[in-house]
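Asks: One file is attached below, coords.txt, containing compact mmCIF, C-alpha atoms.
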```txt
# COMPACT_ATOMS: atom_id res chain seq x y z
CA MET Q 13 18.49 6.12 -13.66
CA THR Q 14 16.12 6.60 -10.75
CA ARG Q 15 16.85 4.35 -7.79
CA ALA Q 16 13.80 3.18 -5.85
CA VAL Q 17 14.57 2.83 -2.14
CA VAL Q 18 12.37 1.66 0.72
CA THR Q 19 12.34 4.20 3.54
CA GLY Q 20 9.31 3.18 5.61
CA LEU Q 21 7.60 -0.03 6.73
CA GLY Q 22 4.20 -0.75 8.27
CA VAL Q 23 2.72 -4.10 9.34
CA VAL Q 24 -0.66 -5.29 10.57
CA ALA Q 25 -0.60 -9.10 10.47
CA PRO Q 26 -1.23 -12.21 12.60
CA SER Q 27 2.41 -11.90 13.67
CA GLY Q 28 1.86 -8.42 15.14
CA ASN Q 29 0.46 -4.96 14.65
CA SER Q 30 3.80 -3.25 14.08
CA VAL Q 31 7.08 -3.99 12.34
CA ALA Q 32 8.81 -4.69 15.66
CA GLU Q 33 6.10 -7.14 16.79
CA HIS Q 34 6.15 -8.94 13.43
CA TRP Q 35 9.92 -9.31 13.43
CA ARG Q 36 10.10 -10.55 17.01
CA SER Q 37 7.33 -13.09 16.41
CA THR Q 38 8.88 -14.27 13.14
CA LEU Q 39 12.35 -14.80 14.58
CA ALA Q 40 10.83 -16.62 17.56
CA GLY Q 41 8.93 -18.94 15.22
CA GLU Q 42 5.59 -18.23 16.89
CA LEU Q 43 2.72 -20.08 15.21
CA CYS Q 44 -0.09 -17.56 14.71
CA VAL Q 45 -2.59 -19.92 13.06
CA ARG Q 46 -5.62 -21.00 15.10
CA ARG Q 47 -9.24 -22.02 14.74
CA ILE Q 48 -11.36 -19.35 13.05
CA GLU Q 49 -13.04 -17.22 15.71
CA ARG Q 50 -15.16 -14.75 13.72
CA PHE Q 51 -17.80 -17.38 12.89
CA ASP Q 52 -18.29 -21.12 13.39
CA PRO Q 53 -16.16 -22.85 10.73
CA ALA Q 54 -17.33 -26.38 11.55
CA ARG Q 55 -19.14 -26.82 8.23
CA TYR Q 56 -16.11 -25.83 6.16
CA SER Q 57 -13.30 -28.09 4.96
CA THR Q 58 -10.81 -25.59 6.41
CA THR Q 59 -11.29 -24.41 9.99
CA LEU Q 60 -7.94 -22.69 10.63
CA ALA Q 61 -6.57 -19.26 9.70
CA GLY Q 62 -3.96 -16.69 10.60
CA GLN Q 63 -5.98 -14.00 12.38
CA LEU Q 64 -5.22 -10.55 13.73
CA THR Q 65 -4.79 -10.24 17.48
CA GLY Q 66 -5.20 -6.99 19.37
CA PHE Q 67 -5.88 -4.86 16.31
CA ARG Q 68 -8.31 -2.09 17.31
CA PRO Q 69 -9.78 -0.36 14.26
CA GLU Q 70 -11.07 2.55 16.35
CA GLU Q 71 -7.47 3.54 17.06
CA HIS Q 72 -6.78 3.98 13.35
CA VAL Q 73 -10.07 4.79 11.63
CA ASP Q 74 -12.80 7.13 12.86
CA GLU Q 75 -16.33 5.83 13.19
CA ARG Q 76 -17.69 7.69 10.16
CA LEU Q 77 -15.15 6.01 7.90
CA ARG Q 78 -15.43 2.59 9.55
CA VAL Q 79 -19.08 2.26 8.51
CA GLN Q 80 -18.02 2.96 4.91
CA THR Q 81 -15.14 0.51 4.68
CA ASP Q 82 -14.04 -3.07 5.29
CA LEU Q 83 -11.42 -4.60 7.58
CA TRP Q 84 -8.92 -4.93 4.75
CA THR Q 85 -9.04 -1.16 4.23
CA TRP Q 86 -8.66 -0.53 7.97
CA THR Q 87 -5.46 -2.59 8.00
CA ALA Q 88 -4.19 -0.75 4.92
CA LEU Q 89 -4.83 2.64 6.54
CA ALA Q 90 -3.10 1.56 9.75
CA SER Q 91 -0.03 0.06 8.07
CA ALA Q 92 0.29 2.98 5.64
CA ALA Q 93 0.32 5.41 8.57
CA GLN Q 94 3.06 3.31 10.20
CA ALA Q 95 5.16 3.35 7.03
CA LEU Q 96 4.87 7.12 6.64
CA ASP Q 97 5.75 7.70 10.30
CA ASP Q 98 8.70 5.32 10.00
CA ALA Q 99 10.02 7.23 6.99
CA GLY Q 100 9.34 10.63 8.50
CA TYR Q 101 7.37 11.49 5.37
CA ASP Q 102 4.31 13.74 5.50
CA PRO Q 103 2.63 13.81 2.07
CA SER Q 104 0.97 17.15 2.91
CA ALA Q 105 4.41 18.75 3.13
CA HIS Q 106 5.16 17.84 -0.50
CA ASP Q 107 3.67 18.43 -3.93
CA PRO Q 108 0.56 16.16 -3.81
CA TYR Q 109 1.05 15.20 -7.46
CA ARG Q 110 4.42 13.61 -6.67
CA THR Q 111 3.11 11.12 -4.08
CA SER Q 112 1.31 8.02 -5.35
CA VAL Q 113 -0.53 5.01 -3.89
CA ILE Q 114 -0.33 1.59 -5.56
CA LEU Q 115 -1.56 -1.40 -3.57
CA GLY Q 116 -2.13 -5.05 -4.38
CA SER Q 117 -5.48 -6.71 -3.67
CA GLY Q 118 -6.55 -10.30 -4.08
CA SER Q 119 -10.16 -10.28 -2.95
CA GLY Q 120 -11.37 -6.83 -1.81
CA GLY Q 121 -13.83 -6.11 0.99
CA ASN Q 122 -15.22 -9.59 1.63
CA GLU Q 123 -16.95 -9.13 4.96
CA PHE Q 124 -18.58 -5.84 4.01
CA GLY Q 125 -19.76 -7.28 0.71
CA GLN Q 126 -21.23 -10.38 2.34
CA ARG Q 127 -23.14 -8.29 4.86
CA GLU Q 128 -24.71 -6.19 2.10
CA ILE Q 129 -25.56 -9.22 -0.05
CA GLN Q 130 -27.28 -10.81 2.92
CA ALA Q 131 -29.27 -7.62 3.43
CA LEU Q 132 -30.26 -7.64 -0.25
CA TRP Q 133 -31.59 -11.19 -0.20
CA SER Q 134 -33.24 -11.02 3.22
CA ARG Q 135 -34.74 -7.50 3.16
CA GLY Q 136 -34.64 -6.27 -0.43
CA ARG Q 137 -32.68 -3.71 -2.40
CA ARG Q 138 -33.55 -0.77 -0.16
CA ALA Q 139 -31.65 -2.48 2.67
CA VAL Q 140 -28.36 -2.25 0.75
CA GLY Q 141 -26.28 0.72 1.88
CA ALA Q 142 -24.78 3.26 -0.49
CA TYR Q 143 -21.28 2.39 0.71
CA GLN Q 144 -21.45 -1.10 -0.82
CA SER Q 145 -20.36 0.44 -4.11
CA ILE Q 146 -17.14 1.85 -2.64
CA ALA Q 147 -16.24 -0.63 0.12
CA TRP Q 148 -15.85 -4.02 -1.54
CA PHE Q 149 -14.06 -3.27 -4.81
CA TYR Q 150 -10.35 -3.85 -5.27
CA ALA Q 151 -9.28 -0.20 -5.42
CA ALA Q 152 -11.06 0.84 -2.21
CA SER Q 153 -7.95 0.74 -0.02
CA THR Q 154 -5.86 2.61 -2.58
CA GLY Q 155 -8.54 5.30 -2.74
CA GLN Q 156 -8.99 5.62 1.01
CA VAL Q 157 -5.23 5.84 1.68
CA SER Q 158 -4.92 8.48 -1.05
CA ILE Q 159 -7.85 10.50 0.35
CA ARG Q 160 -6.55 10.35 3.92
CA HIS Q 161 -3.10 11.63 2.99
CA GLY Q 162 -4.11 13.98 0.17
CA THR Q 163 -2.01 12.30 -2.52
CA LYS Q 164 -2.77 13.02 -6.18
CA GLY Q 165 0.04 11.24 -8.01
CA PRO Q 166 -0.55 8.30 -10.39
CA SER Q 167 -2.30 5.63 -8.33
CA GLY Q 168 -3.82 2.21 -8.87
CA VAL Q 169 -4.44 -1.32 -7.68
CA VAL Q 170 -2.78 -4.54 -8.87
CA VAL Q 171 -5.02 -7.60 -8.90
CA SER Q 172 -2.82 -10.67 -9.30
CA ASP Q 173 -3.83 -12.72 -6.27
CA ALA Q 174 -0.89 -13.52 -3.97
CA ALA Q 175 1.63 -11.91 -6.34
CA GLY Q 176 -0.03 -8.50 -5.92
CA GLY Q 177 2.13 -7.28 -3.06
CA VAL Q 178 5.33 -7.83 -5.03
CA ASP Q 179 3.76 -6.45 -8.21
CA SER Q 180 2.85 -3.23 -6.38
CA LEU Q 181 6.56 -2.68 -5.63
CA GLY Q 182 7.45 -3.26 -9.27
CA TRP Q 183 4.84 -0.72 -10.30
CA ALA Q 184 6.06 1.69 -7.62
CA ARG Q 185 9.52 1.70 -9.17
CA ARG Q 186 7.99 2.36 -12.58
CA VAL Q 187 5.99 5.33 -11.27
CA LEU Q 188 9.11 6.77 -9.63
CA ARG Q 189 10.96 6.52 -12.94
CA ARG Q 190 8.15 8.53 -14.52
CA GLY Q 191 8.64 11.42 -12.11
CA ALA Q 192 6.96 10.66 -8.79
CA ALA Q 193 8.95 11.25 -5.61
CA ALA Q 194 7.28 8.71 -3.33
CA VAL Q 195 4.88 5.76 -3.61
CA ILE Q 196 2.87 4.07 -0.87
CA ALA Q 197 2.89 0.40 -1.94
CA GLY Q 198 2.21 -3.09 -0.61
CA GLY Q 199 -1.06 -4.83 0.18
CA THR Q 200 -3.41 -6.13 2.85
CA GLU Q 201 -6.25 -8.67 2.84
CA ALA Q 202 -9.19 -9.77 4.99
CA PRO Q 203 -10.34 -13.06 3.42
CA ILE Q 204 -11.81 -14.69 6.53
CA SER Q 205 -15.59 -14.53 6.23
CA PRO Q 206 -18.06 -17.30 5.32
CA TYR Q 207 -18.36 -16.29 1.67
CA ALA Q 208 -14.61 -15.69 1.21
CA LEU Q 209 -13.77 -18.99 2.88
CA THR Q 210 -16.28 -20.81 0.67
CA CYS Q 211 -14.55 -19.44 -2.41
CA GLN Q 212 -11.13 -20.46 -1.12
CA CYS Q 213 -12.24 -23.94 -0.15
CA ALA Q 214 -13.59 -24.44 -3.68
CA SER Q 215 -10.06 -24.00 -5.05
CA GLY Q 216 -8.91 -27.27 -3.51
CA LEU Q 217 -5.70 -25.59 -2.36
CA LEU Q 218 -6.45 -25.30 1.37
CA SER Q 219 -5.36 -27.66 4.11
CA ALA Q 220 -8.08 -29.73 5.78
CA ALA Q 221 -5.99 -30.28 8.93
CA ASP Q 222 -7.67 -29.25 12.19
CA ASP Q 223 -4.37 -28.92 14.08
CA ALA Q 224 -2.32 -25.80 13.30
CA ARG Q 225 0.92 -27.76 13.59
CA ARG Q 226 -0.27 -30.12 10.88
CA ALA Q 227 -1.71 -27.48 8.56
CA TYR Q 228 0.28 -25.03 6.40
CA LYS Q 229 3.73 -26.70 6.14
CA PRO Q 230 5.76 -25.32 3.20
CA PHE Q 231 8.46 -27.66 1.82
CA ASP Q 232 7.66 -30.28 4.47
CA VAL Q 233 7.17 -33.96 3.72
CA ASP Q 234 3.68 -33.49 5.19
CA ALA Q 235 2.76 -30.45 3.08
CA ASN Q 236 -0.99 -30.59 2.48
CA GLY Q 237 -2.13 -27.12 1.41
CA HIS Q 238 -2.25 -23.70 3.01
CA VAL Q 239 -4.59 -21.87 5.37
CA PRO Q 240 -5.83 -18.31 4.80
CA GLY Q 241 -4.58 -15.31 6.72
CA GLU Q 242 -5.49 -11.64 7.09
CA GLY Q 243 -3.52 -8.42 7.18
CA GLY Q 244 -0.32 -7.57 5.35
CA ALA Q 245 2.16 -4.75 4.96
CA VAL Q 246 2.57 -1.32 3.39
CA LEU Q 247 5.91 0.25 2.43
CA LEU Q 248 7.01 3.73 1.42
CA VAL Q 249 9.20 3.64 -1.68
CA GLU Q 250 11.03 6.82 -2.67
CA ASP Q 251 13.30 8.15 -5.34
CA ALA Q 252 16.73 7.93 -3.70
CA ALA Q 253 17.76 11.45 -4.68
CA SER Q 254 14.53 12.96 -3.34
CA ALA Q 255 14.83 10.93 -0.13
CA ARG Q 256 18.40 12.12 0.45
CA ALA Q 257 17.41 15.72 -0.24
CA ARG Q 258 14.75 15.65 2.49
CA GLY Q 259 17.11 13.97 4.98
CA VAL Q 260 15.52 10.52 5.18
CA PRO Q 261 16.28 8.88 8.54
CA HIS Q 262 17.17 5.47 7.07
CA PHE Q 263 17.13 3.30 3.94
CA TYR Q 264 16.01 -0.32 4.31
CA GLY Q 265 17.09 -1.31 0.83
CA GLU Q 266 16.67 -0.76 -2.89
CA VAL Q 267 14.10 -2.29 -5.22
CA ALA Q 268 16.85 -3.32 -7.62
CA GLY Q 269 15.12 -5.84 -9.88
CA TYR Q 270 11.62 -6.95 -10.78
CA ALA Q 271 10.09 -9.33 -13.30
CA ALA Q 272 6.76 -11.05 -13.88
CA THR Q 273 5.72 -13.95 -16.10
CA HIS Q 274 2.57 -16.03 -16.52
CA ASP Q 275 2.19 -19.78 -16.73
CA ALA Q 276 -0.71 -19.64 -19.23
CA HIS Q 277 -2.08 -22.46 -17.10
CA HIS Q 278 -3.84 -22.67 -13.76
CA TYR Q 279 -1.07 -23.47 -11.28
CA GLN Q 280 -2.79 -26.71 -10.27
CA ASP Q 281 -2.27 -27.89 -13.85
CA PRO Q 282 0.44 -30.59 -14.19
CA ALA Q 283 1.88 -28.52 -17.05
CA VAL Q 284 3.07 -25.94 -14.49
CA ASP Q 285 6.58 -27.19 -13.78
CA GLY Q 286 8.21 -23.98 -12.56
CA HIS Q 287 9.65 -23.03 -15.95
CA GLN Q 288 7.92 -19.65 -16.14
CA LEU Q 289 8.66 -19.00 -12.46
CA GLY Q 290 12.34 -19.68 -13.18
CA ARG Q 291 12.19 -17.23 -16.08
CA ALA Q 292 10.84 -14.56 -13.74
CA MET Q 293 13.68 -15.21 -11.29
CA ALA Q 294 16.33 -14.99 -14.03
CA ARG Q 295 14.81 -11.85 -15.55
CA ALA Q 296 14.64 -10.15 -12.14
CA LEU Q 297 18.33 -10.87 -11.61
CA THR Q 298 19.16 -9.43 -15.02
CA ASP Q 299 17.05 -6.37 -14.26
CA ALA Q 300 18.97 -5.90 -11.00
CA GLY Q 301 22.31 -6.30 -12.77
CA ILE Q 302 23.49 -9.11 -10.51
CA THR Q 303 24.13 -12.84 -10.87
CA ALA Q 304 22.57 -15.69 -8.96
CA ASP Q 305 25.64 -16.20 -6.78
CA GLU Q 306 25.29 -12.64 -5.47
CA VAL Q 307 21.90 -13.42 -3.86
CA ASP Q 308 22.29 -14.26 -0.18
CA LEU Q 309 18.69 -15.20 0.70
CA VAL Q 310 15.45 -16.17 -1.03
CA VAL Q 311 12.07 -15.64 0.61
CA ALA Q 312 10.05 -18.23 -1.26
CA ASP Q 313 6.39 -18.17 -2.25
CA ALA Q 314 5.87 -21.48 -0.40
CA ALA Q 315 2.41 -22.55 -1.54
CA GLY Q 316 2.45 -25.49 0.87
CA ARG Q 317 1.23 -28.18 -1.54
CA PRO Q 318 3.62 -30.94 -2.63
CA ASP Q 319 3.18 -30.27 -6.36
CA GLN Q 320 3.47 -26.49 -6.10
CA ASP Q 321 6.41 -26.63 -3.69
CA ALA Q 322 8.11 -29.05 -6.09
CA ALA Q 323 7.59 -26.65 -9.02
CA GLU Q 324 9.04 -23.74 -7.05
CA ALA Q 325 11.97 -25.87 -5.87
CA ALA Q 326 12.68 -26.89 -9.48
CA ALA Q 327 12.76 -23.23 -10.50
CA LEU Q 328 15.12 -22.37 -7.63
CA ARG Q 329 17.47 -25.25 -8.52
CA ARG Q 330 17.43 -24.19 -12.17
CA VAL Q 331 18.49 -20.64 -11.28
CA PHE Q 332 20.73 -21.17 -8.24
CA GLY Q 333 21.74 -24.82 -8.47
CA PRO Q 334 20.87 -27.51 -5.86
CA GLY Q 335 21.26 -26.01 -2.39
CA GLY Q 336 22.77 -22.95 -4.01
CA VAL Q 337 21.14 -20.30 -1.78
CA PRO Q 338 19.51 -20.21 1.67
CA VAL Q 339 15.72 -20.36 1.29
CA THR Q 340 13.17 -19.32 3.89
CA ALA Q 341 9.38 -18.96 4.03
CA PRO Q 342 8.01 -17.79 7.39
CA GLN Q 343 4.48 -17.76 5.89
CA GLY Q 344 3.75 -21.10 7.52
CA LEU Q 345 3.47 -19.19 10.81
CA VAL Q 346 0.76 -16.75 9.70
CA GLY Q 347 -1.12 -18.33 6.80
CA ARG Q 348 -1.35 -17.21 3.20
CA LEU Q 349 -2.34 -13.54 3.20
CA VAL Q 350 -2.91 -13.28 -0.58
CA ALA Q 351 -1.48 -9.91 -1.76
CA GLY Q 352 -0.78 -9.00 1.86
CA GLY Q 353 1.45 -12.05 2.16
CA SER Q 354 3.90 -11.12 -0.59
CA ALA Q 355 4.07 -7.55 0.73
CA LEU Q 356 4.84 -8.98 4.17
CA SER Q 357 7.55 -11.18 2.62
CA VAL Q 358 9.22 -8.04 1.24
CA VAL Q 359 9.22 -6.50 4.73
CA THR Q 360 10.66 -9.73 6.16
CA ALA Q 361 13.43 -9.75 3.56
CA LEU Q 362 14.35 -6.12 4.28
CA LEU Q 363 14.49 -6.77 8.03
CA ALA Q 364 16.66 -9.84 7.43
CA MET Q 365 19.03 -7.65 5.41
CA ARG Q 366 19.05 -4.99 8.11
CA ASP Q 367 19.86 -7.38 10.95
CA GLY Q 368 21.88 -10.00 9.10
CA VAL Q 369 19.66 -12.89 10.16
CA ALA Q 370 17.41 -15.14 8.09
CA PRO Q 371 14.27 -16.36 9.88
CA ALA Q 372 13.36 -20.02 9.65
CA VAL Q 373 10.77 -21.58 7.35
CA GLY Q 374 7.49 -21.44 9.26
CA ASN Q 375 5.98 -24.63 10.67
CA LEU Q 376 8.63 -26.85 9.07
CA ASP Q 377 9.33 -30.12 10.88
CA GLU Q 378 10.80 -32.45 8.27
CA PRO Q 379 12.13 -30.85 5.07
CA ASP Q 380 11.32 -32.84 1.95
CA PRO Q 381 14.75 -33.94 0.63
CA ARG Q 382 13.40 -34.24 -2.91
CA HIS Q 383 13.30 -30.44 -3.19
CA GLY Q 384 17.09 -30.14 -3.00
CA LEU Q 385 16.99 -26.78 -1.23
CA ASP Q 386 19.07 -25.22 1.53
CA LEU Q 387 16.08 -24.53 3.76
CA VAL Q 388 16.62 -22.31 6.81
CA THR Q 389 15.39 -24.49 9.68
CA GLU Q 390 16.35 -22.11 12.50
CA PRO Q 391 17.33 -18.42 12.47
CA ARG Q 392 20.63 -18.18 10.61
CA HIS Q 393 23.03 -15.29 11.01
CA LEU Q 394 24.65 -14.29 7.74
CA PRO Q 395 25.42 -11.08 5.85
CA ILE Q 396 22.63 -10.37 3.36
CA GLY Q 397 23.58 -7.89 0.69
CA ALA Q 398 20.88 -8.97 -1.76
CA ALA Q 399 17.67 -10.92 -1.32
CA MET Q 400 15.04 -12.29 -3.67
CA VAL Q 401 11.31 -12.41 -2.89
CA VAL Q 402 9.27 -14.91 -4.91
CA SER Q 403 5.49 -14.75 -5.24
CA ARG Q 404 2.86 -16.65 -7.22
CA GLY Q 405 -0.81 -15.94 -7.70
CA HIS Q 406 -3.74 -18.27 -8.24
CA GLY Q 407 -4.31 -18.34 -11.99
CA GLY Q 408 -0.69 -18.50 -13.16
CA PHE Q 409 0.96 -15.26 -11.95
CA ASN Q 410 4.70 -15.32 -11.17
CA SER Q 411 6.35 -12.19 -9.78
CA VAL Q 412 9.86 -11.80 -8.39
CA LEU Q 413 11.58 -8.90 -6.65
CA VAL Q 414 15.31 -8.44 -6.03
CA LEU Q 415 16.26 -6.24 -3.08
CA ARG Q 416 19.72 -4.83 -2.51
CA GLY Q 417 21.26 -2.96 0.36
CA ALA Q 418 21.14 0.81 -0.10
CA ALA Q 419 23.38 3.11 1.89
CA PRO Q 420 22.13 6.73 2.25
```
For the structure just supplied, provide its representation as structure tokens.
Replies:
Amino acid sequence: MTRAVVTGLGVVAPSGNSVAEHWRSTLAGELCVRRIERFDPARYSTTLAGQLTGFRPEEHVDERLRVQTDLWTWTALASAAQALDDAGYDPSAHDPYRTSVILGSGSGGNEFGQREIQALWSRGRRAVGAYQSIAWFYAASTGQVSIRHGTKGPSGVVVSDAAGGVDSLGWARRVLRRGAAAVIAGGTEAPISPYALTCQCASGLLSAADDARRAYKPFDVDANGHVPGEGGAVLLVEDAASARARGVPHFYGEVAGYAATHDAHHYQDPAVDGHQLGRAMARALTDAGITADEVDLVVADAAGRPDQDAAEAAALRRVFGPGGVPVTAPQGLVGRLVAGGSALSVVTALLAMRDGVAPAVGNLDEPDPRHGLDLVTEPRHLPIGAAMVVSRGHGGFNSVLVLRGAAP
């Protein structure tokens, strides 16, 4: 059976504009959440977000394309280029029909869309640019990455909110099993604009804290919701045999198991008790052909609300037993990046496996003892042969990935 291995990583996130910057920041526990700077957030119930620092779109996207696209696509193009460079993979040197692009997206081109809607209502329909039709919609980044690199393999976009980044990796493995040689997968987001923030505030899931240290606090006794974040990660996933044949410089790990379930309830509903999330965890383990005691680290979804953290903790206890596996969630440092966040969690898990160190839960001061979890409160050195990445999406999505070490 085809083995799907990760050979390249790319990151553009609040924690840094490269894999090395992200990993250094994450291990150092740097809090990258601050007051929103792009517009005045004073009228909103949430005023904080994880924002990009030092990202210069002109270094990654030429001016003609920038006017046609949104920030979330710029970050996808930049991180995809990083992943391809990291893997030493040039799609133009291969059969274009054997390279695919599958990205997750939670909200599309928010800022671009808002600008065009404002033009429509203030100046009429003739003020709306032609690029509105191709810049905001969920598949825009997939299309632009495919166009830039000349890929013609089976491509698509997964829209499952914050689970989308993990789902894209599950779909990547499926496409490889159907004959592709390489898939550009992952996800990025740019949900920090007035309209996008209004939509998120309406969910009731965001923290109202005005101090970053008091805001997004997964598994903490003071958990009170999350804050949004922008950016994400893109990975190159290859068929192991094809990667070996071309002399791949390194393998980060194997996408060994994947499973997805649905709650059939909104995840704010009291009926959501983690049962379906636990099923996804168990099914992913079965798919990977390993048992729970073979998992060395879990990168949790970490919604940051007491009820949702409790549901995830219940699922983890059901599968691994109380305190049965080290659990981390650095997301508290950068905010919740929707589909970009779960893709970034996969990168974090692979780097933890590479270096044998689990980063700490982000912005955690006092772990809630009721969760019964072995939370990583400071970087912990340990051999990590297999890791699980858990993700949940607004609306009931549960998606779980199992990663395993993969020697060339």
Asks: Could you give me, as CSV, a per-residue list for segment 280-341 of chain Q showing, wherever an atom lies at most 9 Å from an atom of segment 358-364 of chain Q, the closest pair of atoms and their distance in Å to one decimal, using all atoms listed in the file and sorting by chain then residue number from low to high?
Replies:
```
residue,atom,partner,partner_atom,distance
Q:Leu309,CA,Q:Ala361,CA,8.1
Q:Val310,CA,Q:Ala361,CA,8.1
Q:Val311,CA,Q:Ala361,CA,6.7
```
Asks: Distance atom CA of Tyr143 of chain Q-atom CA of Lys164 of chain Q, one decimal place?
Replies: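 Interatomic distance here is 22.4 Å.
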Asks: List every residue of segment 170-219 of chain Q that has an atom at most 12 Å from any atom of segment 381-401 of chain Q, and for each one report the closest atom pair and its distance in Å to one decimal, counting all atoms listed in the file, with rows sorted by chain and then by increasing residue number, as JSON lines.
Replies:
```
{"residue": "Q:Ala175", "atom": "CA", "partner": "Q:Val401", "partner_atom": "CA", "distance": 10.3}
{"residue": "Q:Gly177", "atom": "CA", "partner": "Q:Val401", "partner_atom": "CA", "distance": 10.5}
{"residue": "Q:Val178", "atom": "CA", "partner": "Q:Val401", "partner_atom": "CA", "distance": 7.8}
{"residue": "Q:Asp179", "atom": "CA", "partner": "Q:Val401", "partner_atom": "CA", "distance": 11.0}
{"residue": "Q:Leu181", "atom": "CA", "partner": "Q:Val401", "partner_atom": "CA", "distance": 11.2}
{"residue": "Q:Gly182", "atom": "CA", "partner": "Q:Val401", "partner_atom": "CA", "distance": 11.8}
```
Asks: Could you save the residues just selected, with C-alpha atoms, as a PDB file, in the coordinates of the input?
Replies:
```
ATOM      1  CA  ALA Q 175       1.630 -11.910  -6.340  1.00  0.00           C
ATOM      2  CA  GLY Q 177       2.130  -7.280  -3.060  1.00  0.00           C
ATOM      3  CA  VAL Q 178       5.330  -7.830  -5.030  1.00  0.00           C
ATOM      4  CA  ASP Q 179       3.760  -6.450  -8.210  1.00  0.00           C
ATOM      5  CA  LEU Q 181       6.560  -2.680  -5.630  1.00  0.00           C
ATOM      6  CA  GLY Q 182       7.450  -3.260  -9.270  1.00  0.00           C
TER       7      GLY Q 182
END
```
Asks: Between atom CA of Tyr56 of chain Q and atom CA of Leu349 of chain Q, what distance in Å does the model show, to one decimal?
Replies: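 Going from atom CA of Tyr56 of chain Q over to atom CA of Leu349 of chain Q, I get 18.7 Å.
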Asks: Step by step: start from the point (12.5, -0.9, 3.1) in the file's coordinates, keep every protein, DNA or RNA residue that has an atom no farther than 8 Å from it, count all atoms listed in the file, and write the set as a list in words.
Replies: Val17, Val18, Thr19, Gly20, Leu21, Leu247, Leu248, Val249, Phe263, Tyr264, Gly265, Glu266, Val359, Leu362 and Leu363 of chain Q
Asks: Write out as a ChimeraX atom specification each polymer residue whose atoms come within 7 Å of Val414 of chain Q, counting only C-alpha atoms; drop sequence neighbours fewer than 2 positions from it.
Replies: /Q:267-270,296-297,300,399-401,412,416
Asks: Determine, using all atoms listed in the file, which residues of segment 48-93 of chain Q have any atom at most 12 Å from an atom of segment 124-142 of chain Q, and tabulate each with its shortest atom pair and distance in Å to one decimal place, rows ordered by chain and then rising number, as CSV.
Replies:
```
residue,atom,partner,partner_atom,distance
Q:Arg78,CA,Q:Phe124,CA,10.6
Q:Val79,CA,Q:Phe124,CA,9.3
Q:Gln80,CA,Q:Ala142,CA,8.7
Q:Thr81,CA,Q:Phe124,CA,7.3
Q:Asp82,CA,Q:Phe124,CA,5.5
Q:Leu83,CA,Q:Phe124,CA,8.1
Q:Trp84,CA,Q:Phe124,CA,9.7
Q:Thr85,CA,Q:Phe124,CA,10.6
Q:Trp86,CA,Q:Phe124,CA,11.9
```
Asks: Which one is closest to Asn29 of chain Q: Q:Gln320, Q:Ser57, Q:Gln63, Q:Gln144? Count all atoms listed in the file.
Replies: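 Smallest distance to Asn29 of chain Q is found for Q:Gln63.
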Asks: Kindly complete segment 147-158 of chain Q to N, CA and C atoms; the output should be written as a PDB file, in the coordinates of the input.
Replies:
```
ATOM      1  N   ALA Q 147     -16.941   0.075  -0.960  1.00  0.00           N
ATOM      2  CA  ALA Q 147     -16.240  -0.630   0.120  1.00  0.00           C
ATOM      3  C   ALA Q 147     -15.652  -1.956  -0.308  1.00  0.00           C
ATOM      4  N   TRP Q 148     -16.297  -2.656  -1.238  1.00  0.00           N
ATOM      5  CA  TRP Q 148     -15.850  -4.020  -1.540  1.00  0.00           C
ATOM      6  C   TRP Q 148     -14.813  -4.060  -2.650  1.00  0.00           C
ATOM      7  N   PHE Q 149     -14.822  -3.091  -3.573  1.00  0.00           N
ATOM      8  CA  PHE Q 149     -14.060  -3.270  -4.810  1.00  0.00           C
ATOM      9  C   PHE Q 149     -12.564  -3.090  -4.576  1.00  0.00           C
ATOM     10  N   TYR Q 150     -11.787  -3.676  -5.473  1.00  0.00           N
ATOM     11  CA  TYR Q 150     -10.350  -3.850  -5.270  1.00  0.00           C
ATOM     12  C   TYR Q 150      -9.579  -2.559  -5.002  1.00  0.00           C
ATOM     13  N   ALA Q 151     -10.020  -1.457  -5.572  1.00  0.00           N
ATOM     14  CA  ALA Q 151      -9.280  -0.200  -5.420  1.00  0.00           C
ATOM     15  C   ALA Q 151      -9.676   0.597  -4.193  1.00  0.00           C
ATOM     16  N   ALA Q 152     -10.563   0.067  -3.349  1.00  0.00           N
ATOM     17  CA  ALA Q 152     -11.060   0.840  -2.210  1.00  0.00           C
ATOM     18  C   ALA Q 152      -9.936   1.276  -1.272  1.00  0.00           C
ATOM     19  N   SER Q 153      -9.031   0.373  -0.951  1.00  0.00           N
ATOM     20  CA  SER Q 153      -7.950   0.740  -0.020  1.00  0.00           C
ATOM     21  C   SER Q 153      -7.019   1.774  -0.627  1.00  0.00           C
ATOM     22  N   THR Q 154      -6.683   1.604  -1.912  1.00  0.00           N
ATOM     23  CA  THR Q 154      -5.860   2.610  -2.580  1.00  0.00           C
ATOM     24  C   THR Q 154      -6.527   3.978  -2.495  1.00  0.00           C
ATOM     25  N   GLY Q 155      -7.833   4.024  -2.778  1.00  0.00           N
ATOM     26  CA  GLY Q 155      -8.540   5.300  -2.740  1.00  0.00           C
ATOM     27  C   GLY Q 155      -8.597   5.910  -1.360  1.00  0.00           C
ATOM     28  N   GLN Q 156      -8.877   5.087  -0.348  1.00  0.00           N
ATOM     29  CA  GLN Q 156      -8.990   5.620   1.010  1.00  0.00           C
ATOM     30  C   GLN Q 156      -7.648   6.110   1.552  1.00  0.00           C
ATOM     31  N   VAL Q 157      -6.567   5.388   1.250  1.00  0.00           N
ATOM     32  CA  VAL Q 157      -5.230   5.840   1.680  1.00  0.00           C
ATOM     33  C   VAL Q 157      -4.887   7.158   0.986  1.00  0.00           C
ATOM     34  N   SER Q 158      -5.197   7.247  -0.300  1.00  0.00           N
ATOM     35  CA  SER Q 158      -4.920   8.480  -1.050  1.00  0.00           C
ATOM     36  C   SER Q 158      -5.720   9.656  -0.500  1.00  0.00           C
TER      37      SER Q 158
END
```
